[in-house]
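J.: Below is a structure I'd like to ask you about.
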Amino acid sequence: MEDCLKNKQGLYLLLLFSVTNVLCVSIHYSVPEEKKSGSLVANVLKDLKLGIGELSNRKAQLVSKSFNQYFHLDTHSGNMLINDKIDRENLCGQTEPCILFSEMVLQNPLELHSIEMKIEDVNDNAPIFSKREYELEIPESVPRNTKFPLESAQDEDLGENSIQNYTLSANEHFKLSVESNKDGSKYVDLIVEKPLDRERDPFFGLTLMAVDGGVPQRTGTVQINIRVLDINDNSPQFTQSEYKVRLKENSRRDTLVTTVEARDLDLGSNAQITYSFHRVPEKILDLFHLNATTGEITVWGEIDYEKETSYDMSIKGTDGGGLSGQCKVLVEVEDVNDNAPEISVISVINIIQENSPLNTVVAFLSVTDQDFGDNGKTVCSVEMNLPFGLTTTKKNYYQLVVQSPLDREKVSEYDVCITAVDQGSPRLTSTRIIHVEISDINDNPPVFEKSLFEMKIQENNIPGLLIGSVHAVDLDMEQNAKLIYSLLPGKAGGGPVASYISISAETGNIYALRSLDYEQIKDFKVTVQATDGGIPPLSSDVVVRVVVTDENDNAPFFLYPLQNSTSPCNELLPKMAEAGYLVTKVVAVDGDSGQNSWLSYELLKATDPGLFSIGAQNGEMKTRRPLTERDTNKQRLVIVVRDNGVPPQTSTTTLNVLLVDGFSEPYLKVVDVRPQEHEDEGTLTMYLVICLASVSSVFLLCIIFFAVIKLCKKDPGGTFIAAPPHFPPARPDIPENCTDSQSGSLSRNYQYDVCLTGGSLSSEFRFLRPLIPVFSVADPNFAVNHNTSSYSQDLPNCLEENKSKEQVRE
């Protein structure tokens with residue numbers, strides 16, 4: 001098949017290119033159907049006037065335009081042969097004429113010949129009836145010449161080969177009537193020629209034959225069985241003229257309602273009664289079903305008492321002869337409790353104030369039930385644990401009212417469930433939920449979390465520092481719960497409390513307005529008031545106790561020997577003193593409190609370190625060994641006192657101990673060491689100035705270098721923006737501030753302090769932040785300490801000691 005299609009495509013393409021030189025000749029042939037394969041149809045050489053062998057030389061091809069290749073061309077002999085058996089009925093059906101189109105192609109030169117092959121019909125199909133037997137029932141009272149249509153036979157052949165006539169087997173009572181339609185088809189009727197008598201001839205068996213006109217002639221037969229029916233002279237009679245039935249609504253489908261019965265005195269089909277509805281509305285047909293044979297009436301649709309309480313229908317019984325009788329069926333529907341009560345909200349107030357008076361109407365509703373009797377009686381109720389109740393206005397109308405006081409702070413909203421119950425059996429209920437929101441009124445004052453707030457702040461704080469926070473809650477909502485905090489007037493430390501602290505009106509944060517001094521004021525109390533935004537506003541007060549904690553900001557001060565005396569203190573020590581001899585007692589005090597005021601004494605320097613010792617707690621200066629001839633007459637002692645603060649503060653003082661032979665001398669010669677002290681002090685000062693200048697220069701160069709590197713990393717192509725340098729934290733072994741707290745010349749807002757240790761002469765530069773508010777709780781470990789210049793006092797003393805040693809050597 002594929003090769004054939006390819007040949008066709010190639011041939012059509014060749015024909016398309018050579019269409020200008022094609023010679024077209026049409027040839028007509030005819031052949032009867034059903035001829036065997038290989039049968040000769042015609043010889044094309046004679047019709048085309050071609051010589052023998054010319055077809056093969058010119059490559060003749062036969063191309064069929066139908067799907068199947070029914071013909072074959074012998075190119076040597078020129079004979080056209082049947083390639084496949086042809087069935088005209090399958091090929092063309094009832095179409096006349098039936099023609100197959102083919103084309104023969106010759107090359108060199110190109111010639112195209114159209115071949116039309118007419119397929120002639122042969123009588124190869126017999127008439128056929130659709131059934132083998134037909135059953136007819138004819139009443140015996142049927143009049144003469146009554147026609148009964150019979151089914152015609154079918155023949156697929158055409159013309160003379162189709163059905164030409166019908167014949168009926170011999171009998172006395174029936175004959176045939178054959179007529180033709182306009183299209184040539186024939187139909188046949190059976191005619192009663194003689195009256196029938198059921199008692200004489202109750203049955204007839206006839207044969208109907210259909211005959212075609214072909215050669216040979218073909219026929220088809222069918223058996224006709226005729227039963228003679230009895231005369232129907234009795235009509236059906238129902239056993240009751242009216243049937244009354246009670247039916248519950250919502251009965252299931254196919255539930256039996258009733259059964260009607262009719263009787264007929266005839267026999268056979270005349271006694272066979274068929275039941276049917278007679279002149280009933282369409283709704284009856286949708287709700288009930290009638291069995292045509294048994295007369296049973298069953299439920300077909302949904303029976304609803306609320307739609308219809310009764311149904312009246314007419315039933316007709318018809319026998320086989322067409323006679324009928326009628327009866328009435330009355331169906332009364334019984335109500336059942338199948339409808340739950342319906343709650344309808346007519347009006348509702350979803351938001352009511354919490355101070356609403358009792359019996360305030362929240363909702364107005366009605367309850368209905370489509371059932372009847374007790375099934376339609378309803379009772380409506382609401383939950384018992386709610387502050388709402390139902391009151392009846394008139395039949396089936398209710399009001400939902402406030403029954404007990406409302407408090408929004410306890411319950412802010414309610415889902416009121418209303419339940420309606422009918423009196424049927426079983427009882428049906430329905431519910432309806434009404435959402436009620438309780439609106440707020442300003443009936444709750446603010447309440448603080450504590451009855452007393454205690455806050456701590458370290459002295460010397462930065463102004464604007466956050467001390468703590470007070471917080472109050474208001475059970476109301478929105479504007480009624482919006483709180484404003486304020487300070488009530490009061491005194492603290494001899495001045496108004498508002499000069500010490502302030503409070504944020506919105507957050508309740510309390511800030512220090514200025515730096516506090518523990519030595520001046522240790523604690524104070526302030527009253528904070530919280531006021532809500534309601535109308536009228538409500539308020540409450542709370543006491544806040546602010547405790548100032550001590551900071552180690554006072555260096556110890558020597559009472560003896562006097563720390564700030566113009567000349568050093570001299571003590572006499574007899575040369576005969578033994579070990580443990582009490583030379584004197586050093587006394588110092590500290591303005592701080594607690595462990596910040598715990599003092600310890602230490603002998604920092606001495607002309608002879610092994611000669612004296614000092615009590616760490618009591619400050620008693622004693623000899624550690626007996627005096628010898630080799631001991632210097634003047635012993636210079638540098639005493640340091642240290643408190644227990646973090647970091648500790650220190651102070652130093654100088655004590656001269658003069659060794660004498662005895663206390664009986666009228667006077668003691670005091671050695672003047674001031675010229676030597678000035679000489680040594682000038683030299684040391686020069687060294688210190690040189691060191692300070694060098695360290696400062698290196699420090700400034702480092703600062704500039706680090707700033708340039710940081711700016712280059714941050715913005716290589718941008719503009720230069722100076723940034724404050726970041727310094728490492730102070731070492732714990734070096735005092736934070738070496739200036740005297742009482743005599744310092746720089747302000748605490750900005751100070752640059754240079755601390756020189758007695759050993760390495762290393763320096764540390766410290767930059768203090770400006771006084772701005774800091775909104776965070778102060779770190780107790782971070783404090784501004786004012787240390788005394790213990791080392792500044794120690795340097796002259798050291799010079800004085802060197803000068804005294806030089807004098808002794810001289």
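Here, A, B, ... name the chains of the structure tokens in the order displayed, residue numbers run from 1 inside each chain, and ligands are numbered from 1 in the same displayed order.
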Tell me, counting only C-alpha atoms, for each residue of range 631-658 of chain A within 6 Å of range 582-600 of chain A, which pair of atoms is nearest and how far apart they are in Å to one decimal, in rows ordered by chain and increasing number, as JSON lines.

T.:
{"residue": "A:Val641", "atom": "CA", "partner": "A:Ser600", "partner_atom": "CA", "distance": 5.7}
{"residue": "A:Arg642", "atom": "CA", "partner": "A:Ser600", "partner_atom": "CA", "distance": 5.3}
{"residue": "A:Asp643", "atom": "CA", "partner": "A:Leu599", "partner_atom": "CA", "distance": 4.4}
{"residue": "A:Asn644", "atom": "CA", "partner": "A:Asn596", "partner_atom": "CA", "distance": 5.0}
{"residue": "A:Gly645", "atom": "CA", "partner": "A:Asn596", "partner_atom": "CA", "distance": 4.2}

J.: Give me, as a count of residues only, all polymer residues having an atom no more than 12 Å from Tyr70 in chain A, counting only C-alpha atoms and skipping those fewer than 3 positions away in the same chain.

T.: 31

J.: Skipping near chain neighbours, those fewer than 3 positions away, what residues fall within 9 Å of Asn171 in chain A using only C-alpha atoms, listed as a list in words?

T.: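 Here the answer would be Leu168, Phe174, Lys175, Phe204 and Leu206 of chain A.
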
J.: Going by DSSP on the backbone, which residues of range 373-486 of chain A come out as helix (DSSP H, G or I)? List them as an mmCIF file with N, CA, C and O atoms, in the first residue's frame.

T.:
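The new file result13.cif reads:
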data_model
loop_
_atom_site.group_PDB
_atom_site.id
_atom_site.type_symbol
_atom_site.label_atom_id
_atom_site.label_comp_id
_atom_site.auth_asym_id
_atom_site.auth_seq_id
_atom_site.Cartn_x
_atom_site.Cartn_y
_atom_site.Cartn_z
ATOM 1 N N GLY A 373 -48.881 21.887 65.752
ATOM 2 C CA GLY A 373 -49.179 21.268 67.030
ATOM 3 C C GLY A 373 -48.024 21.406 67.988
ATOM 4 O O GLY A 373 -47.336 22.440 68.048
ATOM 5 N N ASP A 374 -47.809 20.330 68.771
ATOM 6 C CA ASP A 374 -46.670 20.347 69.692
ATOM 7 C C ASP A 374 -45.343 20.422 68.956
ATOM 8 O O ASP A 374 -44.350 20.914 69.505
ATOM 9 N N ASN A 375 -45.307 19.912 67.747
ATOM 10 C CA ASN A 375 -44.065 19.983 66.970
ATOM 11 C C ASN A 375 -43.662 21.417 66.641
ATOM 12 O O ASN A 375 -42.502 21.687 66.356
ATOM 13 N N GLY A 376 -44.613 22.333 66.656
ATOM 14 C CA GLY A 376 -44.321 23.724 66.327
ATOM 15 C C GLY A 376 -44.193 24.627 67.532
ATOM 16 O O GLY A 376 -43.895 25.822 67.376
ATOM 17 N N GLU A 478 -7.126 51.494 75.120
ATOM 18 C CA GLU A 478 -6.981 52.638 74.224
ATOM 19 C C GLU A 478 -6.670 53.902 75.019
ATOM 20 O O GLU A 478 -5.758 53.918 75.843
ATOM 21 N N GLN A 479 -7.428 54.971 74.789
ATOM 22 C CA GLN A 479 -7.105 56.243 75.425
ATOM 23 C C GLN A 479 -7.219 56.174 76.943
ATOM 24 O O GLN A 479 -6.464 56.831 77.662
ATOM 25 N N ASN A 480 -8.121 55.357 77.432
ATOM 26 C CA ASN A 480 -8.287 55.231 78.879
ATOM 27 C C ASN A 480 -7.095 54.541 79.537
ATOM 28 O O ASN A 480 -6.924 54.638 80.749
ATOM 29 N N ALA A 481 -6.309 53.823 78.748
ATOM 30 C CA ALA A 481 -5.146 53.122 79.294
ATOM 31 C C ALA A 481 -3.837 53.812 78.940
ATOM 32 O O ALA A 481 -2.766 53.303 79.281
#

J.: Report the residues of range 293-426 of chain A whose backbone DSSP state falls under strand (DSSP E or B), written as a PyMOL selection string.

T.: chain A and resi 296-299+310-318+324-334+342-348+351-353+361-368+378-382+388-394+397-402+413-422

J.: Which residues are near range 229-246 of chain A? Cut-off 6 Å, only C-alpha atoms, ignore same chain within fewer than 2 positions. Put them as a list of chain:residue names.

T.: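 Contacts, in chain order: A:Ile138, A:Pro139, A:Glu140, A:Glu261, A:Ala262, A:Arg263, A:Asp264, A:Asn270, A:Gly321, A:Leu323, A:Ser324, A:Gly325, A:Cys327, A:Lys328, A:Val329, A:Leu330, A:Val331, A:Glu332, A:Val333.
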
J.: Would you put the residues from that selection into a file with C-alpha atoms, as an mmCIF file, in the first residue's frame?

T.:
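The file below, part-v6.cif, is the result:
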data_model
loop_
_atom_site.group_PDB
_atom_site.id
_atom_site.type_symbol
_atom_site.label_atom_id
_atom_site.label_comp_id
_atom_site.auth_asym_id
_atom_site.auth_seq_id
_atom_site.Cartn_x
_atom_site.Cartn_y
_atom_site.Cartn_z
ATOM 1 C CA ILE A 138 -56.650 -9.202 16.403
ATOM 2 C CA PRO A 139 -60.005 -8.963 18.215
ATOM 3 C CA GLU A 140 -62.697 -11.171 16.796
ATOM 4 C CA GLU A 261 -57.550 -3.523 42.734
ATOM 5 C CA ALA A 262 -59.978 -3.880 39.810
ATOM 6 C CA ARG A 263 -61.622 -6.992 38.358
ATOM 7 C CA ASP A 264 -62.820 -7.905 34.802
ATOM 8 C CA ASN A 270 -59.738 -8.565 28.194
ATOM 9 C CA GLY A 321 -59.711 -4.428 25.046
ATOM 10 C CA LEU A 323 -62.377 -0.652 28.436
ATOM 11 C CA SER A 324 -61.612 1.071 31.739
ATOM 12 C CA GLY A 325 -62.902 1.885 35.221
ATOM 13 C CA CYS A 327 -61.536 5.063 41.517
ATOM 14 C CA LYS A 328 -60.371 7.822 43.918
ATOM 15 C CA VAL A 329 -57.417 7.682 46.310
ATOM 16 C CA LEU A 330 -57.221 10.266 49.123
ATOM 17 C CA VAL A 331 -53.829 10.478 50.894
ATOM 18 C CA GLU A 332 -53.714 12.439 54.160
ATOM 19 C CA VAL A 333 -50.177 13.461 55.217
#

J.: Which one is closest to Arg545 in chain A: A:Gly468, A:Pro426, A:Gly295, A:Gly53? Count only C-alpha atoms.

T.: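 Smallest distance to Arg545 in chain A is found for A:Gly468.
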
J.: Give the answer as one residue: which of A:Ala210, A:Ala606, A:Val528, A:Leu285 has the shortest atom-to-atom distance to Ser314 in chain A, using only C-alpha atoms?

T.: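 Looking only at the distances to Ser314 in chain A, the closest residue turns out to be A:Leu285.
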
J.: Just the residues within 10 Å of Ser515 in chain A, please, counting only C-alpha atoms, with nothing from its chain fewer than 5 positions along; format it as a ChimeraX atom specification.

T.: /A:458-465,500,771

J.: For Val44 in chain A, please output as a compact mmCIF listing (two decimals) with all heavy atoms, in the first residue's frame all residues within 12 Å (counting only C-alpha atoms; exclusion window: fewer than 2 positions along the same chain).

T.:
# COMPACT_ATOMS: atom_id res chain seq x y z
N VAL A 25 -7.12 11.26 -22.93
CA VAL A 25 -8.16 10.51 -23.62
C VAL A 25 -8.96 9.76 -22.57
O VAL A 25 -8.38 9.15 -21.68
CB VAL A 25 -7.56 9.52 -24.65
CG1 VAL A 25 -8.66 8.72 -25.32
CG2 VAL A 25 -6.73 10.25 -25.68
N SER A 26 -10.33 9.81 -22.63
CA SER A 26 -11.20 9.15 -21.68
C SER A 26 -11.73 7.87 -22.30
O SER A 26 -12.25 7.89 -23.43
CB SER A 26 -12.33 10.08 -21.26
OG SER A 26 -13.17 9.44 -20.36
N ILE A 27 -11.64 6.75 -21.49
CA ILE A 27 -12.10 5.44 -21.95
C ILE A 27 -13.15 4.95 -20.97
O ILE A 27 -12.96 5.06 -19.75
CB ILE A 27 -10.93 4.44 -22.03
CG1 ILE A 27 -9.80 5.02 -22.88
CG2 ILE A 27 -11.40 3.12 -22.59
CD1 ILE A 27 -8.55 4.16 -22.88
N HIS A 28 -14.25 4.39 -21.48
CA HIS A 28 -15.34 3.90 -20.64
C HIS A 28 -15.45 2.39 -20.78
O HIS A 28 -15.48 1.85 -21.89
CB HIS A 28 -16.67 4.55 -21.05
CG HIS A 28 -16.65 6.05 -20.93
ND1 HIS A 28 -16.96 6.70 -19.76
CD2 HIS A 28 -16.36 7.01 -21.84
CE1 HIS A 28 -16.85 7.99 -19.94
NE2 HIS A 28 -16.48 8.23 -21.22
N TYR A 29 -15.54 1.71 -19.63
CA TYR A 29 -15.74 0.27 -19.58
C TYR A 29 -16.80 -0.04 -18.55
O TYR A 29 -17.11 0.78 -17.68
CB TYR A 29 -14.46 -0.48 -19.22
CG TYR A 29 -13.34 -0.33 -20.22
CD1 TYR A 29 -12.24 0.47 -19.92
CD2 TYR A 29 -13.38 -0.99 -21.45
CE1 TYR A 29 -11.20 0.61 -20.83
CE2 TYR A 29 -12.35 -0.85 -22.37
CZ TYR A 29 -11.25 -0.04 -22.05
OH TYR A 29 -10.23 0.10 -22.94
N LEU A 40 -10.89 -11.04 -17.35
CA LEU A 40 -10.60 -10.00 -18.33
C LEU A 40 -11.71 -8.97 -18.36
O LEU A 40 -12.89 -9.32 -18.45
CB LEU A 40 -10.40 -10.62 -19.72
CG LEU A 40 -10.16 -9.64 -20.88
CD1 LEU A 40 -8.84 -8.90 -20.66
CD2 LEU A 40 -10.16 -10.39 -22.22
N VAL A 41 -11.26 -7.70 -18.35
CA VAL A 41 -12.24 -6.60 -18.44
C VAL A 41 -12.25 -6.06 -19.86
O VAL A 41 -13.30 -5.94 -20.51
CB VAL A 41 -11.90 -5.49 -17.44
CG1 VAL A 41 -12.89 -4.34 -17.57
CG2 VAL A 41 -11.90 -6.03 -16.03
N ALA A 42 -11.07 -5.71 -20.44
CA ALA A 42 -10.98 -5.18 -21.79
C ALA A 42 -9.52 -5.16 -22.20
O ALA A 42 -8.61 -5.35 -21.37
CB ALA A 42 -11.57 -3.78 -21.86
N LYS A 46 -6.42 -1.87 -28.47
CA LYS A 46 -7.32 -1.52 -29.58
C LYS A 46 -7.95 -0.15 -29.36
O LYS A 46 -8.09 0.63 -30.30
CB LYS A 46 -8.40 -2.59 -29.71
CG LYS A 46 -7.85 -3.97 -30.08
CD LYS A 46 -8.99 -4.99 -30.15
CE LYS A 46 -8.46 -6.39 -30.50
NZ LYS A 46 -9.56 -7.40 -30.58
N ASP A 47 -8.37 0.12 -28.08
CA ASP A 47 -9.05 1.41 -27.82
C ASP A 47 -8.09 2.57 -27.95
O ASP A 47 -8.48 3.67 -28.38
CB ASP A 47 -9.66 1.40 -26.42
CG ASP A 47 -10.75 0.33 -26.28
OD1 ASP A 47 -11.37 -0.01 -27.30
OD2 ASP A 47 -10.94 -0.16 -25.14
N LEU A 48 -6.82 2.36 -27.63
CA LEU A 48 -5.84 3.45 -27.72
C LEU A 48 -5.05 3.43 -29.02
O LEU A 48 -4.20 4.32 -29.24
CB LEU A 48 -4.86 3.36 -26.52
CG LEU A 48 -5.48 3.50 -25.14
CD1 LEU A 48 -4.40 3.33 -24.07
CD2 LEU A 48 -6.15 4.85 -25.00
N LYS A 49 -5.33 2.36 -29.88
CA LYS A 49 -4.66 2.25 -31.17
C LYS A 49 -3.15 2.23 -30.98
O LYS A 49 -2.41 3.03 -31.58
CB LYS A 49 -5.07 3.39 -32.10
CG LYS A 49 -6.56 3.37 -32.40
CD LYS A 49 -6.93 4.56 -33.31
CE LYS A 49 -8.44 4.57 -33.59
NZ LYS A 49 -8.83 5.69 -34.48
N LEU A 50 -2.70 1.33 -30.15
CA LEU A 50 -1.28 1.17 -29.88
C LEU A 50 -0.82 -0.18 -30.36
O LEU A 50 -1.61 -1.15 -30.47
CB LEU A 50 -1.00 1.30 -28.36
CG LEU A 50 -1.36 2.64 -27.71
CD1 LEU A 50 -1.15 2.56 -26.20
CD2 LEU A 50 -0.53 3.77 -28.32
N GLY A 51 0.48 -0.28 -30.68
CA GLY A 51 1.03 -1.54 -31.13
C GLY A 51 1.43 -2.42 -29.98
O GLY A 51 1.54 -1.98 -28.82
N ILE A 52 1.69 -3.69 -30.31
CA ILE A 52 2.07 -4.67 -29.29
C ILE A 52 3.46 -4.30 -28.77
O ILE A 52 4.37 -4.02 -29.55
CB ILE A 52 2.06 -6.09 -29.87
CG1 ILE A 52 0.63 -6.46 -30.33
CG2 ILE A 52 2.58 -7.11 -28.86
CD1 ILE A 52 0.55 -7.81 -31.04
N GLU A 54 4.21 -1.70 -27.12
CA GLU A 54 4.37 -0.24 -26.93
C GLU A 54 4.08 0.16 -25.48
O GLU A 54 4.67 1.12 -24.95
CB GLU A 54 3.48 0.52 -27.90
CG GLU A 54 3.75 2.03 -27.90
CD GLU A 54 2.95 2.74 -28.98
OE1 GLU A 54 2.30 2.07 -29.79
OE2 GLU A 54 3.00 4.00 -28.99
N LEU A 55 3.18 -0.58 -24.83
CA LEU A 55 2.85 -0.23 -23.42
C LEU A 55 4.05 -0.44 -22.52
O LEU A 55 4.33 0.38 -21.63
CB LEU A 55 1.68 -1.09 -22.92
CG LEU A 55 0.30 -0.80 -23.55
CD1 LEU A 55 -0.73 -1.78 -23.02
CD2 LEU A 55 -0.11 0.63 -23.27
N ALA A 60 3.99 2.00 -19.29
CA ALA A 60 2.59 2.29 -18.96
C ALA A 60 2.31 1.89 -17.51
O ALA A 60 2.76 0.86 -17.02
CB ALA A 60 1.66 1.54 -19.91
N LEU A 62 -1.02 1.91 -14.46
CA LEU A 62 -2.44 2.08 -14.17
C LEU A 62 -2.56 2.56 -12.72
O LEU A 62 -2.13 1.86 -11.80
CB LEU A 62 -3.19 0.77 -14.37
CG LEU A 62 -4.72 0.83 -14.17
CD1 LEU A 62 -5.35 1.75 -15.22
CD2 LEU A 62 -5.33 -0.57 -14.27
N HIS A 72 -5.75 -4.52 -12.80
CA HIS A 72 -4.33 -4.70 -13.08
C HIS A 72 -4.13 -4.66 -14.59
O HIS A 72 -4.90 -5.26 -15.36
CB HIS A 72 -3.84 -6.03 -12.51
CG HIS A 72 -2.45 -6.39 -12.93
ND1 HIS A 72 -1.34 -5.69 -12.51
CD2 HIS A 72 -2.00 -7.39 -13.76
CE1 HIS A 72 -0.26 -6.22 -13.04
NE2 HIS A 72 -0.64 -7.27 -13.81
N LEU A 73 -3.09 -3.97 -15.06
CA LEU A 73 -2.81 -3.81 -16.49
C LEU A 73 -1.61 -4.68 -16.86
O LEU A 73 -0.52 -4.56 -16.27
CB LEU A 73 -2.51 -2.33 -16.81
CG LEU A 73 -2.14 -2.04 -18.28
CD1 LEU A 73 -3.31 -2.38 -19.20
CD2 LEU A 73 -1.72 -0.58 -18.44
N ASP A 74 -1.84 -5.56 -17.85
CA ASP A 74 -0.75 -6.38 -18.40
C ASP A 74 -0.15 -5.60 -19.55
O ASP A 74 -0.76 -5.45 -20.63
CB ASP A 74 -1.30 -7.73 -18.87
CG ASP A 74 -0.18 -8.69 -19.28
OD1 ASP A 74 0.99 -8.24 -19.33
OD2 ASP A 74 -0.49 -9.87 -19.55
N THR A 75 1.09 -5.06 -19.35
CA THR A 75 1.71 -4.18 -20.35
C THR A 75 2.16 -4.92 -21.59
O THR A 75 2.40 -4.28 -22.64
CB THR A 75 2.91 -3.47 -19.70
OG1 THR A 75 3.83 -4.45 -19.21
CG2 THR A 75 2.46 -2.59 -18.53
N HIS A 76 2.29 -6.21 -21.52
CA HIS A 76 2.72 -6.98 -22.71
C HIS A 76 1.55 -7.22 -23.65
O HIS A 76 1.66 -7.01 -24.87
CB HIS A 76 3.33 -8.32 -22.28
CG HIS A 76 4.59 -8.14 -21.49
ND1 HIS A 76 5.80 -7.79 -22.07
CD2 HIS A 76 4.82 -8.26 -20.15
CE1 HIS A 76 6.72 -7.69 -21.13
NE2 HIS A 76 6.16 -7.97 -19.94
N SER A 77 0.38 -7.67 -23.07
CA SER A 77 -0.77 -7.98 -23.91
C SER A 77 -1.74 -6.82 -24.03
O SER A 77 -2.58 -6.80 -24.94
CB SER A 77 -1.49 -9.20 -23.36
OG SER A 77 -1.98 -8.93 -22.05
N GLY A 78 -1.70 -5.88 -23.09
CA GLY A 78 -2.65 -4.77 -23.09
C GLY A 78 -3.96 -5.10 -22.44
O GLY A 78 -4.91 -4.32 -22.53
N ASN A 79 -4.07 -6.28 -21.79
CA ASN A 79 -5.32 -6.69 -21.14
C ASN A 79 -5.43 -6.01 -19.76
O ASN A 79 -4.46 -5.96 -19.00
CB ASN A 79 -5.37 -8.21 -20.98
CG ASN A 79 -5.50 -8.92 -22.32
OD1 ASN A 79 -6.05 -8.37 -23.27
ND2 ASN A 79 -4.97 -10.15 -22.39
N MET A 80 -6.68 -5.54 -19.46
CA MET A 80 -6.99 -5.03 -18.13
C MET A 80 -7.73 -6.12 -17.40
O MET A 80 -8.81 -6.53 -17.82
CB MET A 80 -7.82 -3.75 -18.21
CG MET A 80 -8.11 -3.15 -16.84
SD MET A 80 -9.07 -1.63 -16.96
CE MET A 80 -7.90 -0.58 -17.75
N LEU A 81 -7.14 -6.61 -16.30
CA LEU A 81 -7.66 -7.73 -15.55
C LEU A 81 -8.16 -7.29 -14.19
O LEU A 81 -7.73 -6.26 -13.65
CB LEU A 81 -6.55 -8.79 -15.37
CG LEU A 81 -5.86 -9.26 -16.65
CD1 LEU A 81 -4.72 -10.21 -16.31
CD2 LEU A 81 -6.86 -9.94 -17.58
N MET A 104 -4.41 5.85 -16.74
CA MET A 104 -3.27 5.14 -17.31
C MET A 104 -2.30 6.17 -17.87
O MET A 104 -2.70 7.05 -18.67
CB MET A 104 -3.72 4.17 -18.41
CG MET A 104 -2.57 3.27 -18.91
SD MET A 104 -3.13 2.01 -20.05
CE MET A 104 -3.69 3.01 -21.42
N HIS A 113 -4.52 8.91 -19.85
CA HIS A 113 -5.82 8.40 -20.28
C HIS A 113 -6.66 8.11 -19.06
O HIS A 113 -6.23 7.38 -18.16
CB HIS A 113 -5.63 7.12 -21.10
CG HIS A 113 -4.80 7.31 -22.33
ND1 HIS A 113 -5.29 7.85 -23.52
CD2 HIS A 113 -3.47 7.05 -22.57
CE1 HIS A 113 -4.32 7.92 -24.41
NE2 HIS A 113 -3.20 7.42 -23.86
N SER A 114 -7.85 8.70 -18.99
CA SER A 114 -8.78 8.49 -17.89
C SER A 114 -9.66 7.31 -18.21
O SER A 114 -10.26 7.24 -19.30
CB SER A 114 -9.61 9.75 -17.66
OG SER A 114 -10.56 9.53 -16.66
N ILE A 115 -9.79 6.39 -17.25
CA ILE A 115 -10.58 5.17 -17.43
C ILE A 115 -11.70 5.19 -16.42
O ILE A 115 -11.46 5.28 -15.22
CB ILE A 115 -9.71 3.92 -17.25
CG1 ILE A 115 -8.57 3.90 -18.27
CG2 ILE A 115 -10.56 2.65 -17.35
CD1 ILE A 115 -7.60 2.74 -18.09

J.: Find the residues near Gly214 in chain A: any atom within 8 Å, counting only C-alpha atoms, skip ones fewer than 5 places away on the same chain, and give them as a list in words.

T.: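 The contact residues come out as Val122, Asn123, Glu160, Asn161 and Ser162 of chain A.
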
J.: Which of these residues is nearest to Ser30 in chain A, using only C-alpha atoms: A:Pro556, A:Lys710, A:Ile99, A:Gly508?

T.: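 Under the stated criterion, the closest residue is A:Ile99.
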
J.: Kindly indicate which residue among A:Leu466, A:Val336, A:Met477, A:Ile521 lies nearest to Gly534 in chain A, using only C-alpha atoms for the distances.

T.: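 Of A:Leu466, A:Val336, A:Met477, A:Ile521, the one nearest Gly534 in chain A is A:Met477, counting only C-alpha atoms.
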
J.: Measuring between only C-alpha atoms, which one of A:Asp532, A:Tyr134, A:Ser366, A:Ala420 shows the shortest distance to Val382 in chain A?

T.: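 Among the listed residues, A:Ala420 lies closest to Val382 in chain A.
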
J.: What's the separation between CA of Gly389 in chain A and CA of Glu342 in chain A, in Å to one decimal place?

T.: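 Calculated distance between CA of Gly389 in chain A and CA of Glu342 in chain A is 18.9 Å.
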
J.: Here is a test: counting only C-alpha atoms, which residue of A:Val178, A:Val416, A:Ile457, A:Leu386 is nearest to Ile501 in chain A?

T.: A:Ile457
